[in-house]
file work12.pdb (PDB, N, CA and C atoms, pLDDT in the B column)
ATOM      1  N   MET A   1       0.841  -1.174   0.000  1.00 63.00           N
ATOM      2  CA  MET A   1       0.000   0.000   0.000  1.00 63.00           C
ATOM      3  C   MET A   1       0.891   1.243   0.000  1.00 63.00           C
ATOM      4  N   ILE A   2       0.596   2.156  -0.893  1.00 71.00           N
ATOM      5  CA  ILE A   2       1.385   3.379  -1.015  1.00 71.00           C
ATOM      6  C   ILE A   2       0.729   4.479  -0.187  1.00 71.00           C
ATOM      7  N   GLU A   3       1.542   5.080   0.665  1.00 74.00           N
ATOM      8  CA  GLU A   3       1.044   6.191   1.484  1.00 74.00           C
ATOM      9  C   GLU A   3       1.063   7.474   0.663  1.00 74.00           C
ATOM     10  N   GLU A   4      -0.067   8.123   0.557  1.00 69.00           N
ATOM     11  CA  GLU A   4      -0.139   9.409  -0.137  1.00 69.00           C
ATOM     12  C   GLU A   4       0.343  10.506   0.813  1.00 69.00           C
ATOM     13  N   PRO A   5       1.101  11.459   0.303  1.00 64.00           N
ATOM     14  CA  PRO A   5       1.527  12.553   1.178  1.00 64.00           C
ATOM     15  C   PRO A   5       0.316  13.382   1.615  1.00 64.00           C
ATOM     16  N   LYS A   6       0.345  13.819   2.855  1.00 73.00           N
ATOM     17  CA  LYS A   6      -0.758  14.613   3.374  1.00 73.00           C
ATOM     18  C   LYS A   6      -0.372  16.089   3.316  1.00 73.00           C
ATOM     19  N   THR A   7      -1.277  16.891   2.845  1.00 64.00           N
ATOM     20  CA  THR A   7      -1.064  18.330   2.794  1.00 64.00           C
ATOM     21  C   THR A   7      -1.737  18.947   4.009  1.00 64.00           C
ATOM     22  N   THR A   8      -0.968  19.676   4.780  1.00 71.00           N
ATOM     23  CA  THR A   8      -1.523  20.293   5.977  1.00 71.00           C
ATOM     24  C   THR A   8      -2.197  21.613   5.631  1.00 71.00           C
ATOM     25  N   ARG A   9      -3.030  22.062   6.543  1.00 70.00           N
ATOM     26  CA  ARG A   9      -3.701  23.357   6.348  1.00 70.00           C
ATOM     27  C   ARG A   9      -2.663  24.464   6.252  1.00 70.00           C
ATOM     28  N   TYR A  10      -1.610  24.380   7.061  1.00 68.00           N
ATOM     29  CA  TYR A  10      -0.558  25.398   7.033  1.00 68.00           C
ATOM     30  C   TYR A  10       0.079  25.487   5.651  1.00 68.00           C
ATOM     31  N   GLN A  11       0.338  24.352   5.022  1.00 69.00           N
ATOM     32  CA  GLN A  11       0.942  24.355   3.688  1.00 69.00           C
ATOM     33  C   GLN A  11       0.022  25.022   2.667  1.00 69.00           C
ATOM     34  N   ILE A  12      -1.261  24.805   2.796  1.00 71.00           N
ATOM     35  CA  ILE A  12      -2.218  25.422   1.875  1.00 71.00           C
ATOM     36  C   ILE A  12      -2.278  26.924   2.113  1.00 71.00           C
ATOM     37  N   VAL A  13      -2.430  27.320   3.372  1.00 73.00           N
ATOM     38  CA  VAL A  13      -2.563  28.735   3.704  1.00 73.00           C
ATOM     39  C   VAL A  13      -1.284  29.495   3.381  1.00 73.00           C
ATOM     40  N   SER A  14      -0.125  28.896   3.611  1.00 79.00           N
ATOM     41  CA  SER A  14       1.130  29.606   3.362  1.00 79.00           C
ATOM     42  C   SER A  14       1.393  29.812   1.878  1.00 79.00           C
ATOM     43  N   SER A  15       0.712  29.081   1.024  1.00 82.00           N
ATOM     44  CA  SER A  15       0.914  29.255  -0.416  1.00 82.00           C
ATOM     45  C   SER A  15      -0.140  30.160  -1.050  1.00 82.00           C
ATOM     46  N   MET A  16      -1.068  30.672  -0.242  1.00 82.00           N
ATOM     47  CA  MET A  16      -2.140  31.514  -0.774  1.00 82.00           C
ATOM     48  C   MET A  16      -1.711  32.980  -0.814  1.00 82.00           C
ATOM     49  N   THR A  17      -2.281  33.719  -1.760  1.00 87.00           N
ATOM     50  CA  THR A  17      -2.021  35.157  -1.825  1.00 87.00           C
ATOM     51  C   THR A  17      -2.879  35.867  -0.779  1.00 87.00           C
ATOM     52  N   VAL A  18      -2.588  37.142  -0.566  1.00 84.00           N
ATOM     53  CA  VAL A  18      -3.361  37.925   0.394  1.00 84.00           C
ATOM     54  C   VAL A  18      -4.837  37.948   0.005  1.00 84.00           C
ATOM     55  N   ASP A  19      -5.110  38.168  -1.274  1.00 89.00           N
ATOM     56  CA  ASP A  19      -6.504  38.202  -1.730  1.00 89.00           C
ATOM     57  C   ASP A  19      -7.210  36.869  -1.489  1.00 89.00           C
ATOM     58  N   GLU A  20      -6.507  35.768  -1.711  1.00 88.00           N
ATOM     59  CA  GLU A  20      -7.103  34.450  -1.476  1.00 88.00           C
ATOM     60  C   GLU A  20      -7.371  34.230   0.011  1.00 88.00           C
ATOM     61  N   LEU A  21      -6.423  34.626   0.859  1.00 84.00           N
ATOM     62  CA  LEU A  21      -6.616  34.476   2.299  1.00 84.00           C
ATOM     63  C   LEU A  21      -7.835  35.255   2.772  1.00 84.00           C
ATOM     64  N   LEU A  22      -7.984  36.482   2.256  1.00 86.00           N
ATOM     65  CA  LEU A  22      -9.125  37.310   2.649  1.00 86.00           C
ATOM     66  C   LEU A  22     -10.438  36.730   2.139  1.00 86.00           C
ATOM     67  N   SER A  23     -10.465  36.315   0.874  1.00 90.00           N
ATOM     68  CA  SER A  23     -11.718  35.825   0.298  1.00 90.00           C
ATOM     69  C   SER A  23     -12.141  34.481   0.884  1.00 90.00           C
ATOM     70  N   GLU A  24     -11.184  33.660   1.282  1.00 86.00           N
ATOM     71  CA  GLU A  24     -11.513  32.350   1.856  1.00 86.00           C
ATOM     72  C   GLU A  24     -11.796  32.426   3.359  1.00 86.00           C
ATOM     73  N   GLY A  25     -11.563  33.588   3.963  1.00 86.00           N
ATOM     74  CA  GLY A  25     -11.859  33.757   5.380  1.00 86.00           C
ATOM     75  C   GLY A  25     -10.757  33.313   6.323  1.00 86.00           C
ATOM     76  N   TYR A  26      -9.561  33.032   5.806  1.00 82.00           N
ATOM     77  CA  TYR A  26      -8.453  32.636   6.671  1.00 82.00           C
ATOM     78  C   TYR A  26      -7.829  33.837   7.375  1.00 82.00           C
ATOM     79  N   ALA A  27      -8.083  35.034   6.872  1.00 83.00           N
ATOM     80  CA  ALA A  27      -7.497  36.238   7.440  1.00 83.00           C
ATOM     81  C   ALA A  27      -8.476  37.389   7.258  1.00 83.00           C
ATOM     82  N   ASN A  28      -8.222  38.477   7.984  1.00 86.00           N
ATOM     83  CA  ASN A  28      -8.995  39.698   7.767  1.00 86.00           C
ATOM     84  C   ASN A  28      -8.015  40.848   7.550  1.00 86.00           C
ATOM     85  N   TYR A  29      -8.537  42.010   7.203  1.00 83.00           N
ATOM     86  CA  TYR A  29      -7.672  43.133   6.842  1.00 83.00           C
ATOM     87  C   TYR A  29      -6.762  43.562   7.992  1.00 83.00           C
ATOM     88  N   ASP A  30      -7.218  43.422   9.224  1.00 85.00           N
ATOM     89  CA  ASP A  30      -6.402  43.815  10.372  1.00 85.00           C
ATOM     90  C   ASP A  30      -5.135  42.974  10.493  1.00 85.00           C
ATOM     91  N   ASP A  31      -5.149  41.769   9.960  1.00 83.00           N
ATOM     92  CA  ASP A  31      -3.962  40.917  10.019  1.00 83.00           C
ATOM     93  C   ASP A  31      -2.812  41.481   9.192  1.00 83.00           C
ATOM     94  N   PHE A  32      -3.123  42.328   8.222  1.00 80.00           N
ATOM     95  CA  PHE A  32      -2.097  42.864   7.334  1.00 80.00           C
ATOM     96  C   PHE A  32      -1.789  44.332   7.607  1.00 80.00           C
ATOM     97  N   TYR A  33      -2.408  44.920   8.625  1.00 81.00           N
ATOM     98  CA  TYR A  33      -2.208  46.334   8.939  1.00 81.00           C
ATOM     99  C   TYR A  33      -0.987  46.503   9.829  1.00 81.00           C
ATOM    100  N   GLU A  34      -0.108  47.381   9.427  1.00 84.00           N
ATOM    101  CA  GLU A  34       1.078  47.695  10.215  1.00 84.00           C
ATOM    102  C   GLU A  34       1.072  49.196  10.506  1.00 84.00           C
ATOM    103  N   PRO A  35       0.872  49.600  11.765  1.00 87.00           N
ATOM    104  CA  PRO A  35       0.822  51.035  12.089  1.00 87.00           C
ATOM    105  C   PRO A  35       2.089  51.785  11.700  1.00 87.00           C
ATOM    106  N   TRP A  36       3.251  51.149  11.809  1.00 89.00           N
ATOM    107  CA  TRP A  36       4.495  51.851  11.482  1.00 89.00           C
ATOM    108  C   TRP A  36       4.562  52.205  10.003  1.00 89.00           C
ATOM    109  N   GLU A  37       3.875  51.438   9.140  1.00 88.00           N
ATOM    110  CA  GLU A  37       3.856  51.772   7.716  1.00 88.00           C
ATOM    111  C   GLU A  37       3.103  53.077   7.475  1.00 88.00           C
ATOM    112  N   GLU A  38       2.011  53.280   8.209  1.00 90.00           N
ATOM    113  CA  GLU A  38       1.266  54.532   8.084  1.00 90.00           C
ATOM    114  C   GLU A  38       2.110  55.700   8.582  1.00 90.00           C
ATOM    115  N   GLU A  39       2.802  55.512   9.698  1.00 93.00           N
ATOM    116  CA  GLU A  39       3.669  56.570  10.226  1.00 93.00           C
ATOM    117  C   GLU A  39       4.781  56.889   9.234  1.00 93.00           C
ATOM    118  N   TRP A  40       5.346  55.863   8.608  1.00 93.00           N
ATOM    119  CA  TRP A  40       6.416  56.064   7.640  1.00 93.00           C
ATOM    120  C   TRP A  40       5.912  56.845   6.435  1.00 93.00           C
ATOM    121  N   LYS A  41       4.715  56.552   5.961  1.00 94.00           N
ATOM    122  CA  LYS A  41       4.147  57.274   4.820  1.00 94.00           C
ATOM    123  C   LYS A  41       3.983  58.756   5.145  1.00 94.00           C
ATOM    124  N   ILE A  42       3.536  59.063   6.357  1.00 95.00           N
ATOM    125  CA  ILE A  42       3.365  60.456   6.773  1.00 95.00           C
ATOM    126  C   ILE A  42       4.721  61.152   6.839  1.00 95.00           C
ATOM    127  N   GLU A  43       5.711  60.495   7.442  1.00 96.00           N
ATOM    128  CA  GLU A  43       7.049  61.078   7.535  1.00 96.00           C
ATOM    129  C   GLU A  43       7.665  61.278   6.159  1.00 96.00           C
ATOM    130  N   LEU A  44       7.474  60.320   5.280  1.00 96.00           N
ATOM    131  CA  LEU A  44       8.028  60.414   3.935  1.00 96.00           C
ATOM    132  C   LEU A  44       7.401  61.569   3.161  1.00 96.00           C
ATOM    133  N   SER A  45       6.100  61.733   3.268  1.00 96.00           N
ATOM    134  CA  SER A  45       5.449  62.849   2.569  1.00 96.00           C
ATOM    135  C   SER A  45       5.925  64.184   3.127  1.00 96.00           C
ATOM    136  N   GLU A  46       6.191  64.251   4.422  1.00 96.00           N
ATOM    137  CA  GLU A  46       6.726  65.475   5.025  1.00 96.00           C
ATOM    138  C   GLU A  46       8.139  65.762   4.508  1.00 96.00           C
ATOM    139  N   LEU A  47       8.973  64.733   4.409  1.00 94.00           N
ATOM    140  CA  LEU A  47      10.324  64.913   3.864  1.00 94.00           C
ATOM    141  C   LEU A  47      10.279  65.354   2.405  1.00 94.00           C
ATOM    142  N   GLU A  48       9.389  64.773   1.631  1.00 94.00           N
ATOM    143  CA  GLU A  48       9.249  65.169   0.225  1.00 94.00           C
ATOM    144  C   GLU A  48       8.812  66.625   0.108  1.00 94.00           C
ATOM    145  N   ARG A  49       7.912  67.048   0.984  1.00 95.00           N
ATOM    146  CA  ARG A  49       7.456  68.438   0.981  1.00 95.00           C
ATOM    147  C   ARG A  49       8.611  69.381   1.299  1.00 95.00           C
ATOM    148  N   ILE A  50       9.420  69.033   2.288  1.00 93.00           N
ATOM    149  CA  ILE A  50      10.559  69.865   2.679  1.00 93.00           C
ATOM    150  C   ILE A  50      11.553  69.977   1.535  1.00 93.00           C
ATOM    151  N   VAL A  51      11.826  68.888   0.862  1.00 89.00           N
ATOM    152  CA  VAL A  51      12.778  68.896  -0.256  1.00 89.00           C
ATOM    153  C   VAL A  51      12.246  69.743  -1.406  1.00 89.00           C
ATOM    154  N   ARG A  52      10.965  69.648  -1.685  1.00 93.00           N
ATOM    155  CA  ARG A  52      10.375  70.469  -2.757  1.00 93.00           C
ATOM    156  C   ARG A  52      10.470  71.957  -2.436  1.00 93.00           C
ATOM    157  N   GLU A  53      10.229  72.307  -1.180  1.00 94.00           N
ATOM    158  CA  GLU A  53      10.228  73.717  -0.785  1.00 94.00           C
ATOM    159  C   GLU A  53      11.634  74.280  -0.614  1.00 94.00           C
ATOM    160  N   ASN A  54      12.618  73.438  -0.368  1.00 90.00           N
ATOM    161  CA  ASN A  54      13.990  73.884  -0.123  1.00 90.00           C
ATOM    162  C   ASN A  54      14.964  73.103  -0.996  1.00 90.00           C
ATOM    163  N   PRO A  55      14.978  73.385  -2.284  1.00 86.00           N
ATOM    164  CA  PRO A  55      15.889  72.632  -3.155  1.00 86.00           C
ATOM    165  C   PRO A  55      17.356  72.951  -2.844  1.00 86.00           C
ATOM    166  N   ILE A  56      18.201  71.988  -3.055  1.00 83.00           N
ATOM    167  CA  ILE A  56      19.643  72.163  -2.845  1.00 83.00           C
ATOM    168  C   ILE A  56      20.238  72.739  -4.126  1.00 83.00           C
ATOM    169  N   PRO A  57      21.014  73.826  -3.997  1.00 85.00           N
ATOM    170  CA  PRO A  57      21.646  74.391  -5.200  1.00 85.00           C
ATOM    171  C   PRO A  57      22.602  73.383  -5.845  1.00 85.00           C
ATOM    172  N   ASP A  58      22.737  73.473  -7.160  1.00 82.00           N
ATOM    173  CA  ASP A  58      23.585  72.532  -7.895  1.00 82.00           C
ATOM    174  C   ASP A  58      25.032  72.559  -7.431  1.00 82.00           C
ATOM    175  N   ASP A  59      25.542  73.723  -7.025  1.00 85.00           N
ATOM    176  CA  ASP A  59      26.948  73.796  -6.613  1.00 85.00           C
ATOM    177  C   ASP A  59      27.199  73.100  -5.278  1.00 85.00           C
ATOM    178  N   GLU A  60      26.149  72.809  -4.517  1.00 84.00           N
ATOM    179  CA  GLU A  60      26.307  72.094  -3.250  1.00 84.00           C
ATOM    180  C   GLU A  60      26.104  70.585  -3.401  1.00 84.00           C
ATOM    181  N   CYS A  61      25.654  70.159  -4.557  1.00 82.00           N
ATOM    182  CA  CYS A  61      25.417  68.729  -4.788  1.00 82.00           C
ATOM    183  C   CYS A  61      26.728  68.000  -5.043  1.00 82.00           C
ATOM    184  N   ILE A  62      26.826  66.807  -4.549  1.00 84.00           N
ATOM    185  CA  ILE A  62      28.006  65.971  -4.767  1.00 84.00           C
ATOM    186  C   ILE A  62      27.601  64.843  -5.710  1.00 84.00           C
ATOM    187  N   PRO A  63      28.209  64.793  -6.894  1.00 80.00           N
ATOM    188  CA  PRO A  63      27.854  63.711  -7.822  1.00 80.00           C
ATOM    189  C   PRO A  63      28.359  62.357  -7.312  1.00 80.00           C
ATOM    190  N   PHE A  64      27.624  61.348  -7.605  1.00 78.00           N
ATOM    191  CA  PHE A  64      28.060  60.000  -7.218  1.00 78.00           C
ATOM    192  C   PHE A  64      27.809  59.027  -8.316  1.00 78.00           C
TER
END
call {"tool": "encode", "arguments": {"input": "work12.pdb", "output": "structure tokens"}}
result
Amino acid sequence: MIEEPKTTRYQIVSSMTVDELLSEGYANYDDFYEPWEEEWKIELSELERIVRENPIPDDECIPF
């Protein structure tokens, strides 16, 4: 008798995409929310605003 390999639930879930996990009910949106990502987006937009408002003159730039 040949033993068939058994696929565990973990193996199935770990191979699913985020959309599949959400649609199948294995996860909800809160499982993928990271507060630090929101904070980083706010900080990044603030840095971009500062750079736009205060451009560095070409003579102060160092080419690399």
call {"tool": "select_by_dssp", "arguments": {"input": "work12.pdb", "residues": "chain A", "states": "helix (DSSP H, G or I)", "output": "PyMOL selection string"}}
result
chain A and resi 9-14+18-24+29-32+35-53+58-60
call {"tool": "resolve_selection", "arguments": {"input": "work12.pdb", "expression": "the PyMOL selection byres (((chain A and resi 32 and name CA) around 12) and name CA)", "output": "PyMOL selection string"}}
result
chain A and resi 17-19+21-22+27-31+33-37
call {"tool": "atom_distance", "arguments": {"input": "work12.pdb", "atom1": "CA of Gly25 in chain A", "atom2": "CA of Val13 in chain A"}}
result
10.7 Å
call {"tool": "decode", "arguments": {"input": "work12.pdb", "residues": "range 1-44 of chain A", "atoms": "N, CA and C atoms", "output": "PDB file, in the first residue's frame"}}
result
ATOM      1  N   MET A   1       0.841  -1.174   0.000  1.00  0.00           N
ATOM      2  CA  MET A   1       0.000   0.000   0.000  1.00  0.00           C
ATOM      3  C   MET A   1       0.891   1.243   0.000  1.00  0.00           C
ATOM      4  N   ILE A   2       0.596   2.156  -0.893  1.00  0.00           N
ATOM      5  CA  ILE A   2       1.385   3.379  -1.015  1.00  0.00           C
ATOM      6  C   ILE A   2       0.729   4.479  -0.187  1.00  0.00           C
ATOM      7  N   GLU A   3       1.542   5.080   0.665  1.00  0.00           N
ATOM      8  CA  GLU A   3       1.044   6.191   1.484  1.00  0.00           C
ATOM      9  C   GLU A   3       1.063   7.474   0.663  1.00  0.00           C
ATOM     10  N   GLU A   4      -0.067   8.123   0.557  1.00  0.00           N
ATOM     11  CA  GLU A   4      -0.139   9.409  -0.137  1.00  0.00           C
ATOM     12  C   GLU A   4       0.343  10.506   0.813  1.00  0.00           C
ATOM     13  N   PRO A   5       1.101  11.459   0.303  1.00  0.00           N
ATOM     14  CA  PRO A   5       1.527  12.553   1.178  1.00  0.00           C
ATOM     15  C   PRO A   5       0.316  13.382   1.615  1.00  0.00           C
ATOM     16  N   LYS A   6       0.345  13.819   2.855  1.00  0.00           N
ATOM     17  CA  LYS A   6      -0.758  14.613   3.374  1.00  0.00           C
ATOM     18  C   LYS A   6      -0.372  16.089   3.316  1.00  0.00           C
ATOM     19  N   THR A   7      -1.277  16.891   2.845  1.00  0.00           N
ATOM     20  CA  THR A   7      -1.064  18.330   2.794  1.00  0.00           C
ATOM     21  C   THR A   7      -1.737  18.947   4.009  1.00  0.00           C
ATOM     22  N   THR A   8      -0.968  19.676   4.780  1.00  0.00           N
ATOM     23  CA  THR A   8      -1.523  20.293   5.977  1.00  0.00           C
ATOM     24  C   THR A   8      -2.197  21.613   5.631  1.00  0.00           C
ATOM     25  N   ARG A   9      -3.030  22.062   6.543  1.00  0.00           N
ATOM     26  CA  ARG A   9      -3.701  23.357   6.348  1.00  0.00           C
ATOM     27  C   ARG A   9      -2.663  24.464   6.252  1.00  0.00           C
ATOM     28  N   TYR A  10      -1.610  24.380   7.061  1.00  0.00           N
ATOM     29  CA  TYR A  10      -0.558  25.398   7.033  1.00  0.00           C
ATOM     30  C   TYR A  10       0.079  25.487   5.651  1.00  0.00           C
ATOM     31  N   GLN A  11       0.338  24.352   5.022  1.00  0.00           N
ATOM     32  CA  GLN A  11       0.942  24.355   3.688  1.00  0.00           C
ATOM     33  C   GLN A  11       0.022  25.022   2.667  1.00  0.00           C
ATOM     34  N   ILE A  12      -1.261  24.805   2.796  1.00  0.00           N
ATOM     35  CA  ILE A  12      -2.218  25.422   1.875  1.00  0.00           C
ATOM     36  C   ILE A  12      -2.278  26.924   2.113  1.00  0.00           C
ATOM     37  N   VAL A  13      -2.430  27.320   3.372  1.00  0.00           N
ATOM     38  CA  VAL A  13      -2.563  28.735   3.704  1.00  0.00           C
ATOM     39  C   VAL A  13      -1.284  29.495   3.381  1.00  0.00           C
ATOM     40  N   SER A  14      -0.125  28.896   3.611  1.00  0.00           N
ATOM     41  CA  SER A  14       1.130  29.606   3.362  1.00  0.00           C
ATOM     42  C   SER A  14       1.393  29.812   1.878  1.00  0.00           C
ATOM     43  N   SER A  15       0.712  29.081   1.024  1.00  0.00           N
ATOM     44  CA  SER A  15       0.914  29.255  -0.416  1.00  0.00           C
ATOM     45  C   SER A  15      -0.140  30.160  -1.050  1.00  0.00           C
ATOM     46  N   MET A  16      -1.068  30.672  -0.242  1.00  0.00           N
ATOM     47  CA  MET A  16      -2.140  31.514  -0.774  1.00  0.00           C
ATOM     48  C   MET A  16      -1.711  32.980  -0.814  1.00  0.00           C
ATOM     49  N   THR A  17      -2.281  33.719  -1.760  1.00  0.00           N
ATOM     50  CA  THR A  17      -2.021  35.157  -1.825  1.00  0.00           C
ATOM     51  C   THR A  17      -2.879  35.867  -0.779  1.00  0.00           C
ATOM     52  N   VAL A  18      -2.588  37.142  -0.566  1.00  0.00           N
ATOM     53  CA  VAL A  18      -3.361  37.925   0.394  1.00  0.00           C
ATOM     54  C   VAL A  18      -4.837  37.948   0.005  1.00  0.00           C
ATOM     55  N   ASP A  19      -5.110  38.168  -1.274  1.00  0.00           N
ATOM     56  CA  ASP A  19      -6.504  38.202  -1.730  1.00  0.00           C
ATOM     57  C   ASP A  19      -7.210  36.869  -1.489  1.00  0.00           C
ATOM     58  N   GLU A  20      -6.507  35.768  -1.711  1.00  0.00           N
ATOM     59  CA  GLU A  20      -7.103  34.450  -1.476  1.00  0.00           C
ATOM     60  C   GLU A  20      -7.371  34.230   0.011  1.00  0.00           C
ATOM     61  N   LEU A  21      -6.423  34.626   0.859  1.00  0.00           N
ATOM     62  CA  LEU A  21      -6.616  34.476   2.299  1.00  0.00           C
ATOM     63  C   LEU A  21      -7.835  35.255   2.772  1.00  0.00           C
ATOM     64  N   LEU A  22      -7.984  36.482   2.256  1.00  0.00           N
ATOM     65  CA  LEU A  22      -9.125  37.310   2.649  1.00  0.00           C
ATOM     66  C   LEU A  22     -10.438  36.730   2.139  1.00  0.00           C
ATOM     67  N   SER A  23     -10.465  36.315   0.874  1.00  0.00           N
ATOM     68  CA  SER A  23     -11.718  35.825   0.298  1.00  0.00           C
ATOM     69  C   SER A  23     -12.141  34.481   0.884  1.00  0.00           C
ATOM     70  N   GLU A  24     -11.184  33.660   1.282  1.00  0.00           N
ATOM     71  CA  GLU A  24     -11.513  32.350   1.856  1.00  0.00           C
ATOM     72  C   GLU A  24     -11.796  32.426   3.359  1.00  0.00           C
ATOM     73  N   GLY A  25     -11.563  33.588   3.963  1.00  0.00           N
ATOM     74  CA  GLY A  25     -11.859  33.757   5.380  1.00  0.00           C
ATOM     75  C   GLY A  25     -10.757  33.313   6.323  1.00  0.00           C
ATOM     76  N   TYR A  26      -9.561  33.032   5.806  1.00  0.00           N
ATOM     77  CA  TYR A  26      -8.453  32.636   6.671  1.00  0.00           C
ATOM     78  C   TYR A  26      -7.829  33.837   7.375  1.00  0.00           C
ATOM     79  N   ALA A  27      -8.083  35.034   6.872  1.00  0.00           N
ATOM     80  CA  ALA A  27      -7.497  36.238   7.440  1.00  0.00           C
ATOM     81  C   ALA A  27      -8.476  37.389   7.258  1.00  0.00           C
ATOM     82  N   ASN A  28      -8.222  38.477   7.984  1.00  0.00           N
ATOM     83  CA  ASN A  28      -8.995  39.698   7.767  1.00  0.00           C
ATOM     84  C   ASN A  28      -8.015  40.848   7.550  1.00  0.00           C
ATOM     85  N   TYR A  29      -8.537  42.010   7.203  1.00  0.00           N
ATOM     86  CA  TYR A  29      -7.672  43.133   6.842  1.00  0.00           C
ATOM     87  C   TYR A  29      -6.762  43.562   7.992  1.00  0.00           C
ATOM     88  N   ASP A  30      -7.218  43.422   9.224  1.00  0.00           N
ATOM     89  CA  ASP A  30      -6.402  43.815  10.372  1.00  0.00           C
ATOM     90  C   ASP A  30      -5.135  42.974  10.493  1.00  0.00           C
ATOM     91  N   ASP A  31      -5.149  41.769   9.960  1.00  0.00           N
ATOM     92  CA  ASP A  31      -3.962  40.917  10.019  1.00  0.00           C
ATOM     93  C   ASP A  31      -2.812  41.481   9.192  1.00  0.00           C
ATOM     94  N   PHE A  32      -3.123  42.328   8.222  1.00  0.00           N
ATOM     95  CA  PHE A  32      -2.097  42.864   7.334  1.00  0.00           C
ATOM     96  C   PHE A  32      -1.789  44.332   7.607  1.00  0.00           C
ATOM     97  N   TYR A  33      -2.408  44.920   8.625  1.00  0.00           N
ATOM     98  CA  TYR A  33      -2.208  46.334   8.939  1.00  0.00           C
ATOM     99  C   TYR A  33      -0.987  46.503   9.829  1.00  0.00           C
ATOM    100  N   GLU A  34      -0.108  47.381   9.427  1.00  0.00           N
ATOM    101  CA  GLU A  34       1.078  47.695  10.215  1.00  0.00           C
ATOM    102  C   GLU A  34       1.072  49.196  10.506  1.00  0.00           C
ATOM    103  N   PRO A  35       0.872  49.600  11.765  1.00  0.00           N
ATOM    104  CA  PRO A  35       0.822  51.035  12.089  1.00  0.00           C
ATOM    105  C   PRO A  35       2.089  51.785  11.700  1.00  0.00           C
ATOM    106  N   TRP A  36       3.251  51.149  11.809  1.00  0.00           N
ATOM    107  CA  TRP A  36       4.495  51.851  11.482  1.00  0.00           C
ATOM    108  C   TRP A  36       4.562  52.205  10.003  1.00  0.00           C
ATOM    109  N   GLU A  37       3.875  51.438   9.140  1.00  0.00           N
ATOM    110  CA  GLU A  37       3.856  51.772   7.716  1.00  0.00           C
ATOM    111  C   GLU A  37       3.103  53.077   7.475  1.00  0.00           C
ATOM    112  N   GLU A  38       2.011  53.280   8.209  1.00  0.00           N
ATOM    113  CA  GLU A  38       1.266  54.532   8.084  1.00  0.00           C
ATOM    114  C   GLU A  38       2.110  55.700   8.582  1.00  0.00           C
ATOM    115  N   GLU A  39       2.802  55.512   9.698  1.00  0.00           N
ATOM    116  CA  GLU A  39       3.669  56.570  10.226  1.00  0.00           C
ATOM    117  C   GLU A  39       4.781  56.889   9.234  1.00  0.00           C
ATOM    118  N   TRP A  40       5.346  55.863   8.608  1.00  0.00           N
ATOM    119  CA  TRP A  40       6.416  56.064   7.640  1.00  0.00           C
ATOM    120  C   TRP A  40       5.912  56.845   6.435  1.00  0.00           C
ATOM    121  N   LYS A  41       4.715  56.552   5.961  1.00  0.00           N
ATOM    122  CA  LYS A  41       4.147  57.274   4.820  1.00  0.00           C
ATOM    123  C   LYS A  41       3.983  58.756   5.145  1.00  0.00           C
ATOM    124  N   ILE A  42       3.536  59.063   6.357  1.00  0.00           N
ATOM    125  CA  ILE A  42       3.365  60.456   6.773  1.00  0.00           C
ATOM    126  C   ILE A  42       4.721  61.152   6.839  1.00  0.00           C
ATOM    127  N   GLU A  43       5.711  60.495   7.442  1.00  0.00           N
ATOM    128  CA  GLU A  43       7.049  61.078   7.535  1.00  0.00           C
ATOM    129  C   GLU A  43       7.665  61.278   6.159  1.00  0.00           C
ATOM    130  N   LEU A  44       7.474  60.320   5.280  1.00  0.00           N
ATOM    131  CA  LEU A  44       8.028  60.414   3.935  1.00  0.00           C
ATOM    132  C   LEU A  44       7.401  61.569   3.161  1.00  0.00           C
TER     133      LEU A  44
END
